[in-house]
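> Provided herewith: entry_22.txt, compact mmCIF, C-alpha atoms.
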# COMPACT_ATOMS: atom_id res chain seq x y z
CA MET A 1 46.31 -30.67 52.14
CA SER A 2 47.05 -29.65 48.59
CA SER A 3 50.32 -28.07 47.67
CA PRO A 4 50.30 -24.29 47.34
CA GLY A 5 49.65 -22.92 43.89
CA LEU A 6 48.11 -26.08 42.44
CA PHE A 7 44.57 -24.64 42.30
CA ASP A 8 45.39 -20.95 42.61
CA ALA A 9 45.54 -20.12 38.86
CA PHE A 10 43.31 -17.14 37.89
CA ARG A 11 42.15 -16.82 41.52
CA SER A 12 42.49 -13.95 43.94
CA ASN A 13 42.47 -14.54 47.72
CA GLY A 14 41.01 -18.00 47.31
CA ALA A 15 37.91 -16.77 45.49
CA PRO A 16 36.50 -18.60 42.46
CA THR A 17 38.04 -18.00 39.08
CA TYR A 18 37.08 -14.59 37.66
CA TYR A 19 36.47 -14.14 33.95
CA ASP A 20 36.35 -10.61 32.67
CA SER A 21 33.40 -9.54 30.49
CA ASN A 22 33.80 -10.07 26.76
CA LYS A 23 31.95 -7.22 25.12
CA THR A 24 31.11 -7.85 21.49
CA PRO A 25 29.39 -5.43 19.11
CA PHE A 26 26.18 -6.11 17.23
CA MET A 27 27.25 -7.40 13.84
CA ALA A 28 23.70 -7.38 12.43
CA ASP A 29 20.26 -6.08 13.31
CA ILE A 30 18.27 -8.98 14.73
CA LEU A 31 14.91 -7.45 13.77
CA GLU A 32 15.92 -6.87 10.16
CA SER A 33 17.39 -10.36 9.95
CA GLY A 34 14.14 -11.82 11.30
CA LEU A 35 12.01 -9.93 8.78
CA ILE A 36 14.19 -11.02 5.89
CA TYR A 37 14.09 -14.62 7.12
CA ALA A 38 10.27 -14.52 7.43
CA PHE A 39 9.69 -13.28 3.87
CA VAL A 40 12.27 -15.70 2.47
CA ILE A 41 10.50 -18.62 4.18
CA VAL A 42 7.13 -17.56 2.74
CA ALA A 43 8.61 -17.17 -0.74
CA PHE A 44 10.35 -20.54 -0.49
CA SER A 45 7.05 -22.19 0.51
CA PHE A 46 5.38 -20.85 -2.63
CA PHE A 47 8.30 -21.79 -4.85
CA ILE A 48 8.09 -25.41 -3.69
CA ILE A 49 4.60 -25.84 -5.14
CA LEU A 50 5.49 -24.34 -8.53
CA PRO A 51 6.34 -27.72 -10.15
CA GLY A 52 2.75 -28.81 -9.52
CA ILE A 53 1.36 -26.00 -11.68
CA ARG A 54 1.09 -26.66 -15.39
CA GLY A 55 1.75 -24.54 -18.42
CA LYS A 56 2.17 -20.80 -18.43
CA GLU A 57 0.36 -20.50 -15.13
CA ARG A 58 3.59 -21.58 -13.43
CA ILE A 59 5.43 -18.51 -14.74
CA PHE A 60 2.50 -16.25 -13.87
CA VAL A 61 2.43 -17.52 -10.28
CA LEU A 62 6.20 -17.09 -9.97
CA ILE A 63 6.02 -13.47 -11.09
CA ARG A 64 3.03 -12.64 -8.91
CA VAL A 65 4.47 -14.19 -5.75
CA THR A 66 7.92 -12.66 -6.24
CA VAL A 67 6.69 -9.13 -6.88
CA THR A 68 4.10 -9.26 -4.10
CA LEU A 69 6.51 -10.51 -1.43
CA PHE A 70 9.18 -8.08 -2.60
CA ILE A 71 6.85 -5.11 -2.07
CA GLY A 72 5.80 -6.37 1.36
CA GLY A 73 9.39 -7.04 2.38
CA VAL A 74 10.47 -3.55 1.33
CA ILE A 75 7.66 -1.98 3.35
CA MET A 76 8.69 -3.80 6.53
CA LEU A 77 12.45 -3.49 6.09
CA THR A 78 12.42 0.21 5.32
CA ASN A 79 10.04 0.80 8.22
CA PHE A 80 12.43 -0.73 10.74
CA GLY A 81 15.70 -0.19 8.87
CA TYR A 82 18.42 2.22 10.01
CA GLU A 83 19.76 3.41 6.69
CA TRP A 84 17.49 6.31 5.78
CA GLU A 85 20.51 8.58 6.17
CA VAL A 86 24.14 7.53 6.40
CA ALA A 87 27.43 9.27 7.24
CA GLU A 88 30.88 7.66 7.29
CA ALA A 89 34.44 8.75 7.93
CA LYS A 90 37.53 6.60 7.43
CA ASN A 91 40.82 6.67 9.35
CA VAL A 92 39.80 9.39 11.77
CA ARG A 93 42.38 10.38 14.37
CA THR A 94 40.48 11.01 17.59
CA LYS A 95 40.57 10.60 21.32
CA TYR A 96 39.24 7.37 22.74
CA LYS A 97 38.07 8.26 26.25
CA ALA A 98 37.56 11.44 28.21
CA GLY A 99 40.47 12.27 30.52
CA SER A 100 42.93 10.21 28.51
CA ALA A 101 45.60 11.65 26.23
CA GLY A 102 45.77 8.55 24.05
CA GLU A 103 44.37 8.70 20.52
CA ILE A 104 43.23 6.05 18.10
CA THR A 105 42.73 5.79 14.36
CA ALA A 106 39.24 4.48 13.73
CA ASP A 107 36.44 4.24 11.20
CA ILE A 108 33.26 6.00 12.34
CA ALA A 109 29.81 5.59 10.81
CA VAL A 110 26.31 6.78 11.71
CA TYR A 111 23.18 5.01 10.45
CA MET A 112 19.92 6.86 10.95
CA GLY A 113 16.45 5.32 10.84
CA LEU A 114 12.90 6.36 11.59
CA ARG A 115 13.24 5.45 15.28
CA GLY A 116 16.81 6.38 16.18
CA ILE A 117 20.47 6.16 15.21
CA ASN A 118 23.25 3.57 15.32
CA VAL A 119 26.84 4.75 15.85
CA THR A 120 29.74 2.42 15.05
CA LEU A 121 33.36 2.90 16.09
CA LYS A 122 36.03 0.46 14.96
CA ALA A 123 39.73 1.06 15.43
CA SER A 124 41.85 0.45 12.35
CA ASP A 125 44.65 -1.18 14.38
CA GLY A 126 42.35 -2.84 16.88
CA GLY A 127 43.30 -0.47 19.73
CA LYS A 128 45.45 -2.96 21.58
CA PRO A 129 48.77 -1.10 21.19
CA TYR A 130 47.35 1.82 23.18
CA PHE A 131 44.65 0.53 25.52
CA ASN A 132 45.10 -3.25 25.47
CA GLU A 133 41.55 -3.89 24.30
CA THR A 134 39.64 -4.45 21.08
CA ILE A 135 37.88 -1.26 20.07
CA ASN A 136 34.76 -2.22 18.13
CA TYR A 137 31.57 -0.52 19.29
CA ASN A 138 28.04 -0.29 17.98
CA GLU A 139 25.80 1.89 20.14
CA HIS A 140 22.10 2.52 19.58
CA PHE A 141 20.17 5.62 20.65
CA ASP A 142 16.39 5.63 20.37
CA TRP A 143 14.11 8.70 20.22
CA ARG A 144 10.65 7.07 20.24
CA TRP A 145 8.52 9.13 20.39
CA GLU A 146 8.14 11.92 22.95
CA GLN A 147 10.36 14.96 22.94
CA GLY A 148 10.30 15.38 26.71
CA ARG A 149 11.59 18.23 28.79
CA LEU A 150 14.94 19.91 28.49
CA GLY A 151 17.78 18.23 30.30
CA PHE A 152 18.56 14.62 31.05
CA GLY A 153 16.29 13.79 33.98
CA ILE A 154 13.40 11.35 34.31
CA PHE A 155 11.07 13.72 32.45
CA ALA A 156 13.43 14.19 29.53
CA GLY A 157 13.05 12.45 26.21
CA ARG A 158 14.20 8.90 25.65
CA PHE A 159 17.19 9.96 23.57
CA ASN A 160 18.50 12.30 26.28
CA GLN A 161 18.11 9.62 28.94
CA GLU A 162 20.01 7.07 26.86
CA PHE A 163 22.69 9.67 26.19
CA ARG A 164 23.21 10.25 29.90
CA ALA A 165 23.26 6.49 30.56
CA ALA A 166 25.97 6.09 27.90
CA GLN A 167 28.05 8.73 29.66
CA PHE A 168 27.83 6.84 32.94
CA ARG A 169 28.83 3.59 31.20
CA GLY A 170 32.03 5.17 29.92
CA THR A 171 31.12 4.97 26.24
CA PRO A 172 34.00 6.11 23.96
CA LEU A 173 34.24 9.83 23.40
CA PRO A 174 33.58 9.81 19.60
CA ILE A 175 30.21 8.12 20.12
CA ILE A 176 29.25 10.58 22.88
CA TRP A 177 30.35 13.45 20.64
CA ILE A 178 28.03 12.31 17.84
CA ALA A 179 25.03 11.62 20.08
CA GLU A 180 25.35 15.02 21.75
CA TYR A 181 24.39 16.77 18.51
CA PHE A 182 20.92 15.22 18.77
CA THR A 183 20.36 16.44 22.33
CA PHE A 184 20.53 20.15 21.47
CA ASP A 185 17.12 21.79 21.26
CA GLY A 186 17.42 25.53 20.83
CA GLU A 187 17.61 28.19 18.15
CA GLY A 188 18.35 26.52 14.80
CA ILE A 189 20.18 23.59 16.40
CA ARG A 190 17.32 21.12 16.67
CA TRP A 191 18.46 18.14 14.68
CA GLY A 192 17.11 15.66 17.22
CA ARG A 193 13.63 17.24 17.31
CA HIS A 194 13.26 17.51 13.53
CA TYR A 195 14.59 14.04 12.79
CA ARG A 196 12.25 12.61 15.43
CA GLN A 197 9.25 14.38 13.87
CA ALA A 198 10.25 13.27 10.38
CA GLY A 199 10.58 9.67 11.57
CA TRP A 200 7.20 9.87 13.33
CA TYR A 201 5.22 10.96 10.26
CA ALA A 202 7.19 8.75 7.87
CA HIS A 203 6.66 5.65 9.98
CA ILE A 204 2.89 6.36 10.07
CA MET A 205 2.85 6.33 6.27
CA MET A 206 4.82 3.08 6.22
CA TRP A 207 2.32 1.46 8.58
CA LEU A 208 -0.49 2.70 6.33
CA ALA A 209 1.19 1.14 3.31
CA LEU A 210 1.15 -2.31 4.96
CA PRO A 211 -2.69 -2.79 5.13
CA LEU A 212 -3.02 -1.25 1.67
CA TRP A 213 -0.60 -3.89 0.42
CA VAL A 214 -2.66 -6.64 2.06
CA LEU A 215 -5.89 -5.28 0.52
CA THR A 216 -4.17 -5.16 -2.86
CA ILE A 217 -3.44 -8.88 -2.66
CA VAL A 218 -7.06 -9.64 -1.73
CA LEU A 219 -8.56 -7.45 -4.45
CA PHE A 220 -6.40 -8.99 -7.17
CA PHE A 221 -8.36 -12.19 -6.54
CA ILE A 222 -11.73 -10.40 -6.69
CA LEU A 223 -11.69 -7.25 -8.83
CA LEU A 224 -8.58 -6.46 -10.82
CA LYS A 225 -9.52 -2.85 -11.39
CA TYR A 226 -9.75 -2.08 -7.69
CA GLY A 227 -6.62 -4.09 -7.04
CA ALA A 228 -4.80 -1.77 -9.43
CA TYR A 229 -6.24 1.23 -7.58
CA PHE A 230 -4.99 -0.03 -4.21
CA LEU A 231 -1.58 -0.88 -5.68
CA MET A 232 -1.26 2.72 -6.83
CA MET A 233 -2.36 3.89 -3.39
CA THR A 234 0.29 1.69 -1.76
CA GLY A 235 3.02 3.19 -3.92
CA GLY A 236 1.72 6.70 -3.35
CA VAL A 237 1.81 6.29 0.44
CA MET A 238 5.39 4.98 0.27
CA VAL A 239 6.46 7.97 -1.81
CA ILE A 240 4.71 10.30 0.64
CA ALA A 241 6.83 8.78 3.43
CA ASN A 242 9.97 9.75 1.51
CA ILE A 243 8.63 13.26 0.93
CA LEU A 244 7.83 13.72 4.62
CA TRP A 245 11.27 12.53 5.70
CA ALA A 246 13.04 14.80 3.22
CA THR A 247 11.01 17.92 4.08
CA ILE A 248 10.50 17.78 7.87
CA ARG A 249 14.16 17.13 8.70
CA ASN A 250 16.12 20.21 9.69
CA VAL A 251 16.91 22.58 6.83
CA ASN A 252 20.40 23.05 8.32
CA GLU A 253 22.46 20.12 7.14
CA LEU A 254 24.01 18.12 9.95
CA VAL A 255 27.82 18.02 9.71
CA ILE A 256 29.88 16.58 12.58
CA PRO A 257 33.57 17.51 12.28
CA PHE A 258 36.44 15.57 13.85
CA SER A 259 39.19 17.41 12.05
CA ALA A 260 39.59 19.66 9.04
CA GLU A 261 39.87 16.62 6.77
CA HIS A 262 37.44 14.24 8.46
CA LYS A 263 33.76 15.18 8.74
CA LEU A 264 30.55 13.23 9.03
CA GLU A 265 28.24 14.56 6.32
CA PHE A 266 24.82 12.94 6.17
CA HIS A 267 23.14 11.90 2.93
CA PHE A 268 20.17 9.69 2.01
CA GLY A 269 20.89 6.01 2.42
CA PRO A 270 19.81 2.72 0.84
CA SER A 271 16.53 2.47 2.79
CA PHE A 272 15.39 5.87 1.52
CA TYR A 273 16.09 5.10 -2.13
CA LEU A 274 14.76 1.53 -1.90
CA ASN A 275 11.45 2.77 -0.51
CA LEU A 276 11.25 5.53 -3.13
CA ILE A 277 11.97 3.23 -6.08
CA THR A 278 9.55 0.57 -4.84
CA GLY A 279 6.80 3.16 -4.36
CA LEU A 280 7.25 4.49 -7.90
CA LEU A 281 7.28 0.91 -9.19
CA CYS A 282 3.95 0.22 -7.46
CA ILE A 283 2.39 3.29 -9.05
CA ILE A 284 3.63 2.33 -12.52
CA LEU A 285 2.46 -1.29 -12.16
CA GLY A 286 -0.95 -0.14 -10.96
CA VAL A 287 -1.39 2.14 -13.97
CA VAL A 288 -0.26 -0.60 -16.37
CA ILE A 289 -2.66 -3.17 -14.89
CA TRP A 290 -5.53 -0.68 -14.96
CA VAL A 291 -4.93 0.17 -18.64
CA LEU A 292 -4.55 -3.46 -19.62
CA ASP A 293 -7.76 -4.33 -17.81
CA LEU A 294 -9.57 -1.77 -19.96
CA ARG A 295 -7.95 -2.67 -23.28
CA PHE A 296 -7.07 -6.36 -22.96
CA PRO A 297 -9.19 -7.84 -20.16
CA GLU A 298 -8.74 -11.45 -21.32
CA LEU A 299 -4.95 -11.25 -21.05
CA VAL A 300 -5.04 -9.71 -17.59
CA THR A 301 -7.56 -12.23 -16.25
CA ASN A 302 -5.45 -15.09 -17.62
CA PHE A 303 -2.35 -13.68 -15.93
CA PHE A 304 -4.02 -13.32 -12.53
CA GLY A 305 -6.04 -16.53 -12.90
CA VAL A 306 -9.43 -15.02 -12.07
CA ASP A 307 -12.90 -15.30 -13.60
CA PRO A 308 -13.36 -12.63 -16.29
CA LEU A 309 -17.05 -12.17 -15.47
CA GLN A 310 -16.42 -11.05 -11.90
CA ASP A 311 -14.69 -7.89 -13.14
CA ASP A 312 -17.22 -7.08 -15.86
CA SER A 313 -18.46 -3.53 -15.52
CA PHE A 314 -21.80 -4.54 -17.10
CA VAL A 315 -22.81 -6.89 -14.30
CA GLN A 316 -22.08 -4.76 -11.24
CA GLY A 317 -25.41 -2.90 -11.06
CA GLY A 318 -27.91 -5.64 -10.16
CA SER A 319 -29.08 -9.16 -10.84
CA ILE A 320 -27.87 -10.78 -14.04
CA GLU A 321 -30.33 -12.03 -16.60
CA THR A 322 -29.12 -14.30 -19.37
CA VAL A 323 -31.15 -14.30 -22.58
CA GLU A 324 -30.56 -15.71 -26.01
CA ASN A 325 -31.25 -13.81 -29.21
CA LYS A 326 -32.33 -15.23 -32.53
CA ASN A 327 -28.76 -16.09 -33.54
CA GLY A 328 -28.14 -18.13 -30.43
CA ILE A 329 -25.70 -15.66 -28.85
CA GLU A 330 -26.00 -15.43 -25.08
CA MET A 331 -26.72 -11.93 -23.80
CA GLN A 332 -26.38 -10.71 -20.25
CA GLY A 333 -28.13 -7.71 -18.77
CA VAL A 334 -29.12 -6.09 -15.51
CA GLU A 335 -32.40 -4.97 -14.10
CA ASN A 336 -32.42 -1.60 -15.84
CA GLY A 337 -32.65 -3.24 -19.25
CA HIS A 338 -29.10 -2.79 -20.62
CA THR A 339 -27.70 -5.93 -22.12
CA ALA A 340 -24.21 -6.86 -23.14
CA PRO A 341 -22.66 -9.99 -24.55
CA ALA A 342 -21.11 -12.23 -21.95
CA ARG A 343 -17.35 -12.57 -22.04
CA GLY A 344 -16.23 -16.01 -22.98
CA SER A 345 -19.72 -17.06 -24.18
CA SER A 346 -19.93 -19.58 -26.97
CA ARG A 347 -20.53 -17.98 -30.37
CA PRO A 348 -21.78 -20.39 -33.04
CA SER A 349 -20.36 -20.16 -36.49
CA ARG A 350 -22.15 -18.37 -39.30
CA GLN A 351 -22.84 -21.62 -41.09
CA ALA A 352 -24.61 -23.10 -38.07
CA ALA A 353 -26.67 -19.94 -37.61
CA ALA A 354 -27.67 -19.92 -41.30
CA ALA A 355 -28.72 -23.58 -41.12
CA GLU A 356 -30.91 -22.89 -38.08
CA ASP A 357 -32.54 -19.92 -39.88
CA ASP A 358 -33.39 -22.10 -42.88
CA ASP A 359 -35.04 -24.70 -40.65
CA ASP A 360 -37.14 -22.07 -38.91
CA ASP A 361 -38.35 -20.28 -42.08
CA ASP A 362 -41.48 -22.43 -42.39
CA ASP A 363 -42.34 -21.99 -38.74
CA GLU A 364 -41.89 -18.23 -38.88
CA ILE A 365 -44.61 -17.97 -41.62
CA TYR A 366 -47.31 -19.12 -39.20
CA GLU A 367 -45.96 -17.28 -36.17
CA PRO A 368 -46.88 -13.71 -35.35
CA PRO A 369 -44.09 -11.23 -35.93
CA VAL A 370 -41.87 -10.46 -33.00
CA PHE A 371 -40.72 -6.90 -32.71
CA GLU A 372 -37.38 -6.63 -30.99
CA PRO A 373 -36.68 -3.50 -28.98
CA PRO A 374 -34.19 -1.13 -30.55
CA PRO A 375 -30.63 -1.49 -29.26
CA ALA A 376 -29.68 0.72 -26.37
CA PRO A 377 -27.57 3.72 -27.34
CA LYS A 378 -23.89 3.37 -26.69
CA ASN A 379 -23.17 5.47 -23.67
CA THR A 380 -19.89 6.19 -22.07
CA LYS A 381 -18.72 4.11 -19.17
CA PHE A 382 -19.60 6.87 -16.73
CA GLU A 383 -23.13 7.18 -18.10
CA LYS A 384 -23.63 3.42 -17.87
CA ARG A 385 -22.61 3.42 -14.26
CA LYS A 386 -24.83 6.42 -13.60
CA SER A 387 -27.83 4.73 -15.22
CA ARG A 388 -27.36 1.73 -12.97
CA GLY A 389 -27.52 3.80 -9.81
CA LEU A 390 -29.50 2.40 -6.92
CA THR A 391 -31.64 5.51 -6.60
CA GLN A 392 -32.74 5.50 -10.23
CA ARG A 393 -33.58 1.80 -10.17
CA LEU A 394 -35.69 2.04 -7.03
CA GLN A 395 -37.42 5.40 -7.35
CA LYS A 396 -41.03 5.60 -8.64
CA PRO A 397 -41.68 6.96 -12.13
CA ARG A 398 -42.70 10.60 -12.17
CA ARG A 399 -45.05 10.27 -15.20
CA ARG A 400 -48.70 9.89 -14.26
CA PRO A 401 -50.63 6.78 -15.31
CA PRO A 402 -52.72 7.11 -18.52
CA PRO A 403 -56.46 7.79 -18.20
CA PRO A 404 -58.90 4.83 -18.39
CA VAL A 405 -60.34 3.81 -21.74
CA PRO A 406 -63.96 5.10 -22.06
CA GLY A 407 -66.84 2.65 -22.64
CA ASN A 408 -69.13 2.35 -25.68
CA GLN A 409 -72.26 3.78 -23.93
CA ALA A 410 -72.23 6.74 -21.61
CA ASP A 411 -74.76 7.52 -18.91
CA ASP A 412 -75.86 11.16 -18.38
CA ASP A 413 -76.30 10.54 -14.70
CA ASP A 414 -72.72 9.31 -14.37
CA PRO A 415 -70.48 12.19 -13.21
CA ASP A 416 -67.50 10.63 -14.99
CA ASP A 417 -69.44 11.00 -18.23
CA LEU A 418 -68.89 14.73 -18.16
CA TYR A 419 -65.30 14.13 -19.26
CA SER A 420 -66.18 11.59 -21.92
CA ASN A 421 -65.68 12.57 -25.57
CA THR A 422 -67.38 9.52 -27.08
CA ARG A 423 -71.06 10.51 -26.78
CA ASN A 424 -73.63 9.65 -29.41
CA PRO A 425 -74.27 12.60 -31.80
CA ASP A 426 -78.10 12.05 -31.62
CA GLN A 427 -77.95 12.38 -27.88
CA VAL A 428 -76.05 15.62 -28.22
CA HIS A 429 -78.80 17.10 -30.49
CA ILE A 430 -81.51 16.02 -28.11
CA ASN A 431 -79.78 17.64 -25.22
CA MET A 432 -79.24 20.83 -27.15
CA GLY A 433 -82.94 20.96 -28.13
CA TYR A 434 -84.02 20.37 -24.57
CA ARG A 435 -81.95 23.29 -23.40
CA HIS A 436 -83.60 25.65 -25.87
Take the structure I supplied and represent it as structure tokens, if you would.

Amino acid sequence: MSSPGLFDAFRSNGAPTYYDSNKTPFMADILESGLIYAFVIVAFSFFIILPGIRGKERIFVLIRVTVTLFIGGVIMLTNFGYEWEVAEAKNVRTKYKAGSAGEITADIAVYMGLRGINVTLKASDGGKPYFNETINYNEHFDWRWEQGRLGFGIFAGRFNQEFRAAQFRGTPLPIIWIAEYFTFDGEGIRWGRHYRQAGWYAHIMMWLALPLWVLTIVLFFILLKYGAYFLMMTGGVMVIANILWATIRNVNELVIPFSAEHKLEFHFGPSFYLNLITGLLCIILGVVIWVLDLRFPELVTNFFGVDPLQDDSFVQGGSIETVENKNGIEMQGVENGHTAPARGSSRPSRQAAAAEDDDDDDDEIYEPPVFEPPPAPKNTKFEKRKSRGLTQRLQKPRRRPPPPVPGNQADDDDPDDLYSNTRNPDQVHINMGYRH
């Protein structure tokens, strides 16, 4: 039999060794960290292949990939981030737990997102001199998405239920004090309701910005003009999310006092300003690309690495017909008859054209003259698009067909001859004499 006390360390009544729970706070948001890691991996994958691209195209690809992934990363991070509004207070003297006279000096911060709030409480001295424990808390309260009934029962909202659960867990009093402000729902004290509604509509706009961003990437490989349009739409939706958050939130500013000197006053955080700046940047970039596509299409197509003909406004109305005029310049036109010179087509020099004209002078003497149709009038871009409409190209002409050409001899018995104006004058006299 073993000697007493040899295996009794950390045991009580012969039971196995008991280890107390080691509660640690969340040092980082796992979801945000995962999103950042995902976009960094995608960017790193594109950066690896950059050495295989030659010339200036390497710089163009670097800029396009970086800007595109930055916009997508901002959309996802601000959608799930918890820094749309922030409030902090340093060295606050407050009670630690209900029913206890002991006080602590702690740093308190509240981080608000579209789906809830995070409350952090960290004692400046660690808390061990008073309560023999490390005071470092990070509690999350979620309000997605139903308001629920009044109270804290099973039919109440999610935020109220989590608040009551935190009370039963013995959460520190400063955290409960902050969360209680979001459970009030009466008179003008409805911070929880208004912040929940603002987060609901703002997060819808952020989810709308994500497919618009994807369509922007696709259209930049097909039609630059429409890619610029969708880029402006993406930025506009992101800015609308900021406007909704700033207007739907309660008009009464939320201030949580702990003492006369220490108050939690909320203000817009990094996620709000990051989303706003990125949205404005998307709008500006979309306008710049659209203007450059109108004024300098060759430069824009070289930057994006696309075919310049696929974005030509002259070839969007129907089938393309390529013809060659007398100078050898290739012309492209559509079914309605408008022609335009093809971008990037080979243009021979004046000397070569003059030499070809000299060689064909002798042949042109014996050839019948060819009358070229007059050039089409220069219409505005809107009129050109209007003239290429599907209805106008397919509808039947309203002008009636011309009458048939009359023959040389007319027959009196023929009823169609009544409308003929080419009768023989002798026949007219004979008929007139017969009538008399």
> Excluding Gly305 in chain A and residues on its chain fewer than 3 positions from it, collect all residues at most 12 Å away from it, counting all atoms listed in the file, and give them as a VMD selection string.
chain A and resid 56 to 61 64 220 to 224 297 to 302 308 310
> What does the distance between CA of Pro257 in chain A and CA of Asn242 in chain A come to in Å, to one decimal place?
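CA of Pro257 in chain A sits 27.1 Å away from CA of Asn242 in chain A.
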> By how many Å are CA of Pro172 in chain A and CA of Ile135 in chain A apart?
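Result for CA of Pro172 in chain A versus CA of Ile135 in chain A: 9.2 Å, one decimal.
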> List the neighbours of range 243-252 of chain A out to 6 Å using only C-alpha atoms; skip same-chain residues closer than 3 positions along the sequence, and give me the result as a list in words.
Trp191, His194, Tyr195, Ala198, Ala202 and Ile240 of chain A
> Compare A:Phe272, A:Glu261, A:Gly102, A:Ala228 by their minimum atom-to-atom distance to Leu294 in chain A, counting only C-alpha atoms, and give me the closest one.
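Smallest distance to Leu294 in chain A is found for A:Ala228.
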> How would you write as an NGL selection string the residues that get within 8 Å of (16.2, 11.5, 27.9) in the file's frame, counting only C-alpha atoms?
:A and (148 or 151-164)
> May I ask which of the residues A:Val110, A:Met205, A:Val86, A:Leu231 is the closest one to Trp177 in chain A, counting only C-alpha atoms?
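Closest candidate: A:Val110.
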> Rounded to one decimal place, report the CA of Asp29 in chain A-CA of Tyr82 in chain A distance in Å.
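It comes out at 9.1 Å.
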> Under the rule of at most 12 Å, produce a per-residue listing of range 229-264 of chain A near range 70-76 of chain A: chain, number, name, the closest pair of atoms, and the distance in Å, as JSON lines, using all atoms listed in the file.

{"residue": "A:Leu231", "atom": "CA", "partner": "A:Ile71", "partner_atom": "CA", "distance": 10.1}
{"residue": "A:Thr234", "atom": "CA", "partner": "A:Ile71", "partner_atom": "CA", "distance": 9.5}
{"residue": "A:Gly235", "atom": "CA", "partner": "A:Ile71", "partner_atom": "CA", "distance": 9.3}
{"residue": "A:Val237", "atom": "CA", "partner": "A:Ile75", "partner_atom": "CA", "distance": 10.5}
{"residue": "A:Met238", "atom": "CA", "partner": "A:Ile75", "partner_atom": "CA", "distance": 7.9}
{"residue": "A:Val239", "atom": "CA", "partner": "A:Ile75", "partner_atom": "CA", "distance": 11.3}
{"residue": "A:Ala241", "atom": "CA", "partner": "A:Ile75", "partner_atom": "CA", "distance": 10.8}
> Pick out the residues sitting within 9 Å of His140 in chain A, and hand them over as a ChimeraX atom specification; count all atoms listed in the file, and ignore anything fewer than 4 positions along from it in its own chain.
/A:116-120,162
> Pick from A:Pro211, A:Gly227, A:Gly186, A:Gly236: nearest to Ile289 in chain A, with only C-alpha atoms counted?
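Under the stated criterion, the closest residue is A:Gly227.
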> Measuring atom to atom with all atoms listed in the file, identify which of A:Ile53, A:Leu121, A:Met206, A:Val287 is nearest to Ala89 in chain A.
A:Leu121
> I need the residue nearest Ala179 in chain A from this list: A:Val218, A:Val405, A:Leu150, A:Ile256. Use only C-alpha atoms for the distance.
A:Ile256
> Using all atoms listed in the file, which of A:Leu274, A:Ala98, A:Leu31, A:Val214 sits nearest Thr68 in chain A?
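Counting all atoms listed in the file, the residue closest to Thr68 in chain A is A:Val214.
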